[in-house]
Amino acid sequence: MPDLLHRKNASACLHARKFLSRSAAALLATTFIASPGAGFAANVDLSKWSPDYVKSIAGTAEFDTAAECGKVVPNDYKGRLTYWWVGPTQAQPEIDHKMDAEFWAAWKKAYPNIETNAQSLDYNDMLNKVRTAALGNAAPMVAKFPILWGVEFAAKGQLSELKPEDVGYETNDFWPGAMKSVTYDGKTYGIPTNNETMGFIWNAKIFADAGLDPEKPPATWDDVVKYSKQIKDKLGVNGYGLVARQNAGNTPFRFMPQLWAYGGGALDETSAEPTYKTVELNNAGSKAALQAAYDMYVRDKSVPASALTNTQNENQNPFIAGQLAMMIAHPAEYAKMVDLASKATGADKAAAEAVVSNMRYGLLPEGPARRAVVFGGSNVHMFAPDLVEGGLDVDAARAFICFSTGPEWSTKLAWVGSNPGHLDGFTTKWMKERLDTIKFLDVTTSMLPSGIPFPVIPEQAEIMNIIVPDMLQNALTGKMTVDQAADDAAQKVQELLDGM
Amino acid sequence: MTIDVAHQGGAVPASSRRRRPGLLRRIVQNRNDYAYIAPALIVMALVIAYPIYYTVELSFFKTPANLAMDQKIFVGLDNYWTILTSKSFRDVTYNTLIWTIFSTFFAYVLGLGAALALNREFVGRGVLRAVLLVPYVISAVAASYVWKWLYHSDFGVIGALSVQFGFTDRPINFLDNIYTALPAIIVVNIWKEFSFAMIMLLAGLQTVPDQLLRAAQVDGANAWQRFWHVTMPHLKGVSMVTILLLVVTNLNSFIIPWIMTGGGPAGATDIWITQIYQLAFGRIRFGLASAYSVILFIVMMLLGYFYVKALTRGDEAKSE
């Protein structure tokens with residue numbers, strides 16, 4: 001979209017502030033998800049990416065977001081903006097609400113003449129609401145979507161083309177894997193706001209009581225099965241927090257890392273150059289992962305019986321109560337546990353505080369094939385002008401996207417749960433503050449090189465949110481055998497790809 | 001169509017032999033009446049008729065996730081064929097029938113029992129009536145979440161009590177088991193709906209003439225005979241309406257199954273409405289979901305016909 005482009009000027013304006021961070025960003029810009037075809041390979045320096053490296057670059061650069069975005073769209077610009085996003089909920093820690101409030105105050109101060117109508121939506125409602133709005137030409141100008149959602153709208157032609165250069169940044173300022181998630185059919189339709197991976201959490205005291213090394217997480221997924229059983233048998237508490245609810249994003253985010261680790265896949269998303277045309281849900285690796293889940297749920301009964309209706313939220317209370325030993329979660333889980341402990345009363349408080357002090361973070365276990373984690377996060381998108389209610393104010397949208405995806409706010413708005421989408425965010429003083437105050441953040445950041453994005457095809461929501469959880473449920477309820485469940489799921493994916 | 005009844009033999013009243021005025025003529029004659037209801041008709045056409053038309057139209061198209069709606073592909077009756085020949089349709093229809101029949105039957109029976117009890121004079125009747133109304137007035141969403149926690153397979157109160165009182169060794173797996181999930185949510189639905197049946201039937205009981213009941217008693221009828229031969233015939237109309245409304249409500253149920261199980265585990269609680277929602281918004285197959293909706297719409301229209309028939313039975317009798 002040529003009318004959006006002021007790339008040369010904008011880029012030039014931003015060059016000065018990149019002095020300290022450019023080299024770091026270049027080193028970080030890597031296709032951790034192994035996609036040489038994407039064109040980022042020249043910048044890869046995996047050897048430097050480590051918790052120490054992340055700490056060494058934090059706090060080495062200063063940014064003045066309002067001034068820099070003012071060079072892209074003048075700060076006195078008068079216009080109108082509509083924006084939808086999944087805002088902080090009651091379940092999120094207080095700091096998220098504080099950062100959100102600070103963001104809107106800063107935006108108002110930076111662009112006082114842009115009348116902003118921002119709607120915070122519930123995660124479970126937003127996708128359908130946006131779909132309906134887009135059908136009815138009532139879409140917002142800008143929307144921030146979880147990483148899975150954008151491709152469907154891009155495929156339908158409902159999004160405007162939008163790349164970092166349109167708002168004064170460069171493509172190499174963002175994680176290559178994240179850029180891949182906003183690219184469809186060779187065109188870019190969004191800008192990453194934050195990127196995240198999860199870590200493995202365990203309760204060291206439960207490990208010790210069960211005769212396991214309290215400071216050592218399970219190294220492999222086979223160990224997870226073994227540890228889970230040992231904990232259940234010795235202590236009677238559930239070992240691993242399996243999550244297998246239907247139609248819930250939590251399920252694939254926790255099961256796919258296991259599936260990939262064993263050498264499975266939904267399609268060929270783990271390969272160097274995925275074509276997304278080969279179905280792998282019933283290969284040996286996928287079946288081995290499904291068998292491991294079956295062993296924990298059915299054979300050993302070492303995971304919550306409620307796993308089939310649980311999301312990760314339902315794992316939090318058992319964990320803080322010392323009734324669950326292991327789970328996969330975001331770095332935000334530590335803040336959540338601290339929050340829960342602070343709200344507990346009486347004897348519960350002491351128990352909760354003990355759990356917090358015994359909480360440990362580690363890398364996700366490896367499998368026979370690899371160590372893997374879902375490369376997650378969110379992206380910001382701009383809708384096509386004819387679908388926007390009241391018309392699209394391109395400059396207001398550009399100003400907002402510049403403001404919200406820059407190093408400062410991509411770091412602050414991802415405070416406890418994520419990492420900045422803009423790589424310069426890792427060089428800010430706010431990143432340093434996060435590393436100093438958020439326990440275990442460096443562990444989940446270290447998982448980024450193992451990140452694998454879900455297939456970037458419009459059908460991915462159905463594959464990940466419906467077919468994969470269905471496969472798990474079919475096997476875990478005994479409705480089908482493991483082999484049948486995997487074959488059934490593979491057949492459904494194939495039919496989907498064939499355009500049924 | 002007019003029929004020349006004179007040629008069919010038999011005596012025909014003179015008034016019937018007069019030709020009825022045509023529809024247009026009648027509209028013109030009653031133009032003022034039509035003018036009064038015109039705003040309501042226009043609103044209905046906009047918010048009801050058009051969506052129905054669009055749903056029917058959409059049911060003849062395929063709407064893949066990668067295509068915008070204006071690029072939808074015409075497939076004729078393929079969507080209907082796909083649905084009606086699929087195993088999932090049979091499974092979902094079976095669940096829907098179980099859900100509807102059991103929910104309706106037990107809600108009606110419990111409602112009738114409660115209505116009969118509340119129809120008698122006793123101390124605290126008003127309080128009890130208010131208490132029994134609570135399930136009906138409470139939000140279905142809130143109730144679903146509360147019941148979900150009561151049933152929770154690991155930490156639910158019901159499971160804990162069953163263990164504590166020695167009924168089971170471990171908490172009962174209500175919602176995570178394909179055999180118990182549907183009965184478990186049917187219980188919640190019955191709990192939620194029986195108050196409605198109770199109110200309807202309580203109103204019906206007020207119309208049973210006291211003299212008839214006393215006369216039956218004098219004639220030596222016992223309590224059961226009075227109930228069966230006097231009370232129930234008077235409740236026939238209101239029972240019909242109540243049952244039809246319960247059936248329609250249950251066929252349209254969404255909140256309880258969706259919140260409590262999401263149609264799971266492994267489709268064990270998937271009913272028509274949850275399946276339609278899942279097809280439309282989970283799998284982005286609006287065409288298929290529309291065809292499903294049309295099938296449900298036809299069933300509902302049939303039920304609606306019987307409902308209106310039951311509702312207007314008295315009027316017809318009077319007009320005869």
# chains A, B, ... in the order shown; residues from 1 in each chain; ligands from 1

$ closest_atom_pairs --of "chain A" --to "chain B" --cutoff "8 Å" --atoms "only C-alpha atoms" --output "Markdown table"
| residue | atom | partner | partner_atom | distance |
| --- | --- | --- | --- | --- |
| A:Asn128 | CA | B:Phe281 | CA | 6.3 |
| A:Leu135 | CA | B:Met69 | CA | 7.5 |
| A:Glu152 | CA | B:Asn66 | CA | 6.2 |
| A:Ala155 | CA | B:Asn66 | CA | 5.1 |
| A:Lys156 | CA | B:Ala68 | CA | 4.6 |
| A:Gly157 | CA | B:Ala68 | CA | 7.1 |
| A:Gln158 | CA | B:Ala68 | CA | 7.9 |
| A:Arg245 | CA | B:Gly264 | CA | 7.9 |
| A:Gln246 | CA | B:Gly264 | CA | 6.6 |
| A:Asn247 | CA | B:Gly282 | CA | 7.3 |
| A:Pro304 | CA | B:Asp154 | CA | 6.5 |
| A:Ala305 | CA | B:Ser153 | CA | 5.7 |
| A:Ser306 | CA | B:Ser153 | CA | 5.0 |
| A:Ala307 | CA | B:Asp176 | CA | 7.5 |
| A:Leu308 | CA | B:Asp176 | CA | 5.6 |
| A:Thr309 | CA | B:Thr261 | CA | 6.3 |
| A:Pro458 | CA | B:Asn66 | CA | 5.6 |
| A:Glu459 | CA | B:Ala65 | CA | 6.2 |
| A:Ala461 | CA | B:Arg283 | CA | 7.6 |
| A:Glu462 | CA | B:Arg283 | CA | 5.3 |
| A:Asn465 | CA | B:Gly282 | CA | 7.9 |
| A:Ile466 | CA | B:Gly282 | CA | 7.4 |
| A:Asp470 | CA | B:Ala266 | CA | 6.1 |
| A:Gln473 | CA | B:Ala266 | CA | 5.0 |
| A:Asn474 | CA | B:Ala266 | CA | 5.2 |
| A:Thr477 | CA | B:Asn177 | CA | 6.5 |
| A:Lys479 | CA | B:Ala266 | CA | 7.3 |
| A:Gly499 | CA | B:Pro64 | CA | 7.0 |

$ write_last_selection --atoms "C-alpha atoms" --output "PDB file, in the first residue's frame"
ATOM      1  CA  ASN A 128     -15.624 -14.350  16.414  1.00  0.00           C
ATOM      2  CA  LEU A 135     -18.199  -9.445   7.365  1.00  0.00           C
ATOM      3  CA  GLU A 152      -7.165 -16.173   8.166  1.00  0.00           C
ATOM      4  CA  ALA A 155      -6.088 -14.965   3.202  1.00  0.00           C
ATOM      5  CA  LYS A 156      -9.545 -13.489   2.872  1.00  0.00           C
ATOM      6  CA  GLY A 157      -8.114 -10.147   1.761  1.00  0.00           C
ATOM      7  CA  GLN A 158      -9.505  -8.410   4.814  1.00  0.00           C
ATOM      8  CA  ARG A 245      -9.747 -29.096  26.591  1.00  0.00           C
ATOM      9  CA  GLN A 246     -11.487 -28.809  23.228  1.00  0.00           C
ATOM     10  CA  ASN A 247     -11.457 -25.536  21.353  1.00  0.00           C
ATOM     11  CA  PRO A 304      -5.567 -34.290  36.740  1.00  0.00           C
ATOM     12  CA  ALA A 305      -8.676 -36.292  35.865  1.00  0.00           C
ATOM     13  CA  SER A 306     -10.167 -32.940  34.853  1.00  0.00           C
ATOM     14  CA  ALA A 307      -7.542 -32.493  32.111  1.00  0.00           C
ATOM     15  CA  LEU A 308     -10.179 -32.918  29.390  1.00  0.00           C
ATOM     16  CA  THR A 309     -12.057 -29.835  30.565  1.00  0.00           C
ATOM     17  CA  PRO A 458      -5.802 -20.152   7.228  1.00  0.00           C
ATOM     18  CA  GLU A 459      -6.788 -23.621   8.391  1.00  0.00           C
ATOM     19  CA  ALA A 461      -7.043 -22.486  13.869  1.00  0.00           C
ATOM     20  CA  GLU A 462      -9.158 -25.531  13.053  1.00  0.00           C
ATOM     21  CA  ASN A 465      -7.847 -25.661  18.334  1.00  0.00           C
ATOM     22  CA  ILE A 466     -10.150 -28.436  17.181  1.00  0.00           C
ATOM     23  CA  ASP A 470     -10.116 -33.861  19.474  1.00  0.00           C
ATOM     24  CA  GLN A 473      -9.751 -36.491  23.694  1.00  0.00           C
ATOM     25  CA  ASN A 474     -10.519 -39.419  21.431  1.00  0.00           C
ATOM     26  CA  THR A 477     -11.393 -41.110  26.744  1.00  0.00           C
ATOM     27  CA  LYS A 479     -13.258 -43.637  22.339  1.00  0.00           C
ATOM     28  CA  GLY A 499     -10.718 -28.195   0.549  1.00  0.00           C
TER      29      GLY A 499
END

$ atom_distance --atom1 "atom CA of Trp175 of chain A" --atom2 "atom CA of Asn194 of chain A"
9.4 Å

$ residues_around --residues "Gln460 of chain A" --least-positions-apart "3" --cutoff "12 Å" --atoms "only C-alpha atoms" --output "NGL selection string"
(:A and (147-152 or 155 or 181 or 249 or 252 or 266-267 or 269 or 276 or 453-457 or 463-468 or 493 or 496-497)) or (:B and (65-66 or 282-284))

$ closest_residue --among "A:Gly79, A:Gly59, A:Gly390, A:Pro331" --to "Ser446 of chain A" --atoms "only C-alpha atoms"
A:Pro331

$ residues_around --residues "segment 435-443 of chain A" --least-positions-apart "3" --cutoff "9 Å" --atoms "only C-alpha atoms" --output "JSON, numbers by chain"
{"A": [50, 51, 52, 54, 55, 58, 198, 199, 331, 332, 334, 335, 360, 361, 362, 363, 415, 416, 417, 418, 430, 431, 432, 446, 447]}

$ residues_around --residues "Ala215 of chain B" --least-positions-apart "6" --cutoff "12 Å" --atoms "only C-alpha atoms" --output "list of chain:residue names"
B:Pro209, B:Ala221, B:Asn222, B:Arg226, B:Val230

$ write_last_selection --atoms "N, CA, C and O atoms" --output "PDB file, in the first residue's frame"
ATOM      1  N   PRO B 209     -61.478 -26.562  38.995  1.00  0.00           N
ATOM      2  CA  PRO B 209     -62.579 -26.178  39.883  1.00  0.00           C
ATOM      3  C   PRO B 209     -62.575 -26.999  41.165  1.00  0.00           C
ATOM      4  O   PRO B 209     -62.503 -28.230  41.123  1.00  0.00           O
ATOM      5  N   ALA B 221     -63.831 -41.028  45.215  1.00  0.00           N
ATOM      6  CA  ALA B 221     -62.549 -41.101  44.482  1.00  0.00           C
ATOM      7  C   ALA B 221     -61.393 -40.881  45.453  1.00  0.00           C
ATOM      8  O   ALA B 221     -61.458 -39.963  46.281  1.00  0.00           O
ATOM      9  N   ASN B 222     -60.348 -41.731  45.335  1.00  0.00           N
ATOM     10  CA  ASN B 222     -59.183 -41.510  46.207  1.00  0.00           C
ATOM     11  C   ASN B 222     -58.292 -40.417  45.613  1.00  0.00           C
ATOM     12  O   ASN B 222     -58.569 -39.876  44.529  1.00  0.00           O
ATOM     13  N   ARG B 226     -58.586 -38.720  41.964  1.00  0.00           N
ATOM     14  CA  ARG B 226     -58.922 -37.286  41.804  1.00  0.00           C
ATOM     15  C   ARG B 226     -57.863 -36.604  40.936  1.00  0.00           C
ATOM     16  O   ARG B 226     -58.168 -35.805  40.062  1.00  0.00           O
ATOM     17  N   VAL B 230     -59.487 -35.860  37.443  1.00  0.00           N
ATOM     18  CA  VAL B 230     -60.004 -34.485  37.528  1.00  0.00           C
ATOM     19  C   VAL B 230     -58.905 -33.455  37.241  1.00  0.00           C
ATOM     20  O   VAL B 230     -59.048 -32.606  36.358  1.00  0.00           O
TER      21      VAL B 230
END

$ atom_distance --atom1 "atom CA of Leu245 of chain B" --atom2 "atom CA of Val146 of chain B"
25.4 Å

$ closest_residue --among "A:Asp498, A:Glu94, A:Asp395, A:Asp488" --to "Ile114 of chain A" --atoms "only C-alpha atoms"
A:Asp395

$ residues_around --residues "segment 286-295 of chain B" --least-positions-apart "6" --cutoff "12 Å" --atoms "only C-alpha atoms" --output "PyMOL selection string"
(chain A and resi 131-132+135+500) or (chain B and resi 51-65+67-69+72-84+86+88-89+92-93+251-252+271-280+301-302)

$ write_last_selection --atoms "N, CA and C atoms" --output "compact mmCIF listing (two decimals), in the first residue's frame"
# COMPACT_ATOMS: atom_id res chain seq x y z
N ARG A 131 -14.39 -11.53 13.22
CA ARG A 131 -14.90 -12.14 11.99
C ARG A 131 -16.24 -11.53 11.59
N THR A 132 -17.11 -11.42 12.56
CA THR A 132 -18.43 -10.88 12.28
C THR A 132 -18.34 -9.42 11.85
N LEU A 135 -17.14 -9.10 8.33
CA LEU A 135 -18.20 -9.44 7.37
C LEU A 135 -19.19 -8.30 7.21
N MET A 500 -12.22 -29.71 1.65
CA MET A 500 -13.53 -30.33 1.87
C MET A 500 -14.57 -29.27 2.22
N PRO B 51 -32.31 -12.58 7.99
CA PRO B 51 -31.33 -13.59 8.45
C PRO B 51 -31.74 -15.01 8.05
N ILE B 52 -33.03 -15.29 8.10
CA ILE B 52 -33.46 -16.64 7.71
C ILE B 52 -33.16 -16.87 6.22
N TYR B 53 -33.52 -15.86 5.42
CA TYR B 53 -33.25 -15.97 3.99
C TYR B 53 -31.76 -16.17 3.73
N TYR B 54 -30.93 -15.38 4.44
CA TYR B 54 -29.50 -15.43 4.20
C TYR B 54 -28.92 -16.78 4.65
N THR B 55 -29.46 -17.29 5.74
CA THR B 55 -28.99 -18.60 6.22
C THR B 55 -29.32 -19.68 5.21
N VAL B 56 -30.54 -19.62 4.68
CA VAL B 56 -30.93 -20.62 3.68
C VAL B 56 -30.04 -20.50 2.44
N GLU B 57 -29.80 -19.26 2.02
CA GLU B 57 -28.96 -19.04 0.84
C GLU B 57 -27.54 -19.59 1.08
N LEU B 58 -27.02 -19.25 2.26
CA LEU B 58 -25.65 -19.67 2.59
C LEU B 58 -25.52 -21.19 2.66
N SER B 59 -26.63 -21.85 2.96
CA SER B 59 -26.56 -23.31 3.12
C SER B 59 -26.27 -24.01 1.79
N PHE B 60 -26.36 -23.29 0.69
CA PHE B 60 -26.06 -23.89 -0.61
C PHE B 60 -24.64 -23.56 -1.09
N PHE B 61 -23.84 -22.99 -0.20
CA PHE B 61 -22.49 -22.59 -0.59
C PHE B 61 -21.43 -23.21 0.31
N LYS B 62 -20.25 -23.35 -0.24
CA LYS B 62 -19.10 -23.76 0.55
C LYS B 62 -18.32 -22.49 0.89
N THR B 63 -17.87 -22.40 2.15
CA THR B 63 -17.17 -21.18 2.57
C THR B 63 -15.84 -21.54 3.23
N PRO B 64 -14.83 -21.91 2.42
CA PRO B 64 -13.53 -22.29 3.00
C PRO B 64 -12.91 -21.14 3.78
N ALA B 65 -12.05 -21.52 4.74
CA ALA B 65 -11.45 -20.52 5.62
C ALA B 65 -10.60 -19.51 4.87
N LEU B 67 -11.26 -18.16 1.96
CA LEU B 67 -12.00 -17.32 1.02
C LEU B 67 -12.91 -16.35 1.76
N ALA B 68 -13.00 -15.14 1.21
CA ALA B 68 -13.94 -14.18 1.79
C ALA B 68 -15.35 -14.63 1.42
N MET B 69 -16.34 -14.07 2.13
CA MET B 69 -17.71 -14.53 1.92
C MET B 69 -18.20 -14.26 0.51
N LYS B 72 -17.65 -17.15 -1.98
CA LYS B 72 -18.16 -18.48 -1.62
C LYS B 72 -18.55 -19.27 -2.88
N ILE B 73 -18.47 -20.60 -2.72
CA ILE B 73 -18.65 -21.47 -3.89
C ILE B 73 -20.00 -22.18 -3.81
N PHE B 74 -20.80 -22.10 -4.89
CA PHE B 74 -22.10 -22.75 -4.90
C PHE B 74 -21.92 -24.27 -4.99
N VAL B 75 -22.56 -24.99 -4.07
CA VAL B 75 -22.43 -26.45 -4.09
C VAL B 75 -23.79 -27.14 -4.07
N GLY B 76 -24.84 -26.41 -4.29
CA GLY B 76 -26.18 -27.01 -4.32
C GLY B 76 -26.55 -27.61 -2.98
N LEU B 77 -26.96 -28.88 -3.03
CA LEU B 77 -27.40 -29.56 -1.79
C LEU B 77 -26.28 -30.34 -1.11
N ASP B 78 -25.05 -30.12 -1.56
CA ASP B 78 -23.92 -30.89 -1.02
C ASP B 78 -23.80 -30.79 0.50
N ASN B 79 -24.02 -29.58 1.02
CA ASN B 79 -23.88 -29.41 2.47
C ASN B 79 -24.90 -30.28 3.22
N TYR B 80 -26.12 -30.31 2.69
CA TYR B 80 -27.16 -31.13 3.34
C TYR B 80 -26.79 -32.61 3.25
N TRP B 81 -26.30 -33.00 2.09
CA TRP B 81 -25.91 -34.39 1.88
C TRP B 81 -24.77 -34.76 2.83
N THR B 82 -23.79 -33.86 2.92
CA THR B 82 -22.64 -34.11 3.81
C THR B 82 -23.11 -34.30 5.24
N ILE B 83 -24.01 -33.43 5.68
CA ILE B 83 -24.48 -33.51 7.07
C ILE B 83 -25.28 -34.79 7.30
N LEU B 84 -26.26 -35.00 6.45
CA LEU B 84 -27.19 -36.11 6.70
C LEU B 84 -26.54 -37.48 6.56
N SER B 86 -23.29 -38.02 7.44
CA SER B 86 -22.09 -38.12 8.29
C SER B 86 -22.40 -38.85 9.59
N SER B 88 -21.01 -38.07 12.37
CA SER B 88 -21.09 -37.07 13.45
C SER B 88 -22.52 -36.54 13.60
N PHE B 89 -23.26 -36.45 12.46
CA PHE B 89 -24.65 -35.99 12.55
C PHE B 89 -25.49 -36.98 13.35
N VAL B 92 -24.48 -36.62 17.00
CA VAL B 92 -24.96 -35.36 17.59
C VAL B 92 -26.49 -35.39 17.73
N THR B 93 -27.17 -35.99 16.75
CA THR B 93 -28.62 -36.09 16.84
C THR B 93 -29.03 -36.99 18.00
N LEU B 251 -33.95 -27.93 22.63
CA LEU B 251 -33.32 -28.07 21.31
C LEU B 251 -32.41 -26.89 21.01
N ASN B 252 -32.75 -25.75 21.61
CA ASN B 252 -31.95 -24.54 21.38
C ASN B 252 -30.90 -24.31 22.47
N ILE B 271 -24.33 -31.28 21.04
CA ILE B 271 -25.70 -31.32 20.55
C ILE B 271 -25.81 -30.38 19.34
N TRP B 272 -26.97 -30.34 18.72
CA TRP B 272 -27.09 -29.59 17.45
C TRP B 272 -26.54 -28.17 17.54
N ILE B 273 -26.97 -27.48 18.59
CA ILE B 273 -26.59 -26.07 18.66
C ILE B 273 -25.09 -25.90 18.85
N THR B 274 -24.49 -26.70 19.73
CA THR B 274 -23.05 -26.56 19.93
C THR B 274 -22.30 -26.95 18.65
N GLN B 275 -22.84 -27.93 17.96
CA GLN B 275 -22.21 -28.36 16.70
C GLN B 275 -22.29 -27.23 15.66
N ILE B 276 -23.44 -26.57 15.59
CA ILE B 276 -23.60 -25.48 14.63
C ILE B 276 -22.62 -24.35 14.96
N TYR B 277 -22.52 -24.03 16.24
CA TYR B 277 -21.60 -22.96 16.66
C TYR B 277 -20.16 -23.34 16.31
N GLN B 278 -19.83 -24.58 16.62
CA GLN B 278 -18.47 -25.05 16.36
C GLN B 278 -18.15 -25.01 14.87
N LEU B 279 -19.13 -25.45 14.05
CA LEU B 279 -18.91 -25.44 12.60
C LEU B 279 -18.73 -24.01 12.08
N ALA B 280 -19.55 -23.12 12.58
CA ALA B 280 -19.52 -21.75 12.06
C ALA B 280 -18.30 -20.98 12.56
N MET B 301 -39.84 -25.34 13.36
CA MET B 301 -41.09 -24.85 12.77
C MET B 301 -42.21 -25.87 12.99
N LEU B 302 -41.87 -27.13 12.87
CA LEU B 302 -42.87 -28.17 13.11
C LEU B 302 -43.35 -28.10 14.56

$ atom_distance --atom1 "atom CA of Ser195 of chain B" --atom2 "atom CA of Tyr136 of chain B"
5.7 Å

$ residues_around --residues "Val303 of chain A" --least-positions-apart "3" --cutoff "7 Å" --atoms "only C-alpha atoms" --output "list in words"
Asn238, Gly239, Tyr240, Gly241, Leu242, Met296 and Tyr297 of chain A

$ write_last_selection --atoms "N, CA and C atoms" --output "CSV table (one decimal), in the first residue's frame"
chain,number,residue,atom,x,y,z
A,238,ASN,N,-1.1,-34.9,41.9
A,238,ASN,CA,-0.9,-35.1,40.4
A,238,ASN,C,0.4,-34.6,40.0
A,239,GLY,N,1.0,-35.4,39.1
A,239,GLY,CA,2.4,-35.0,38.6
A,239,GLY,C,2.4,-33.9,37.6
A,240,TYR,N,1.9,-34.2,36.4
A,240,TYR,CA,2.0,-33.2,35.3
A,240,TYR,C,0.7,-32.6,35.0
A,241,GLY,N,0.7,-31.3,34.8
A,241,GLY,CA,-0.6,-30.6,34.5
A,241,GLY,C,-1.0,-30.7,33.0
A,242,LEU,N,-1.4,-31.9,32.6
A,242,LEU,CA,-1.9,-32.0,31.3
A,242,LEU,C,-3.1,-31.2,31.0
A,296,MET,N,0.0,-41.2,30.8
A,296,MET,CA,-0.1,-40.4,32.0
A,296,MET,C,-1.6,-40.3,32.4
A,297,TYR,N,-2.5,-40.2,31.5
A,297,TYR,CA,-3.9,-40.0,31.8
A,297,TYR,C,-4.6,-41.3,32.1

$ closest_residue --among "B:Ile98, B:Leu205, B:Leu116, B:Leu133" --to "Asn250 of chain B" --atoms "only C-alpha atoms"
B:Ile98

$ closest_residue --among "A:Asp487, A:Glu68, A:Asp339, A:Asp386" --to "Ile95 of chain A" --atoms "only C-alpha atoms"
A:Asp339

$ closest_residue --among "B:Leu213, B:Leu303, B:Val187, B:Ala45" --to "Thr249 of chain B" --atoms "only C-alpha atoms"
B:Leu303
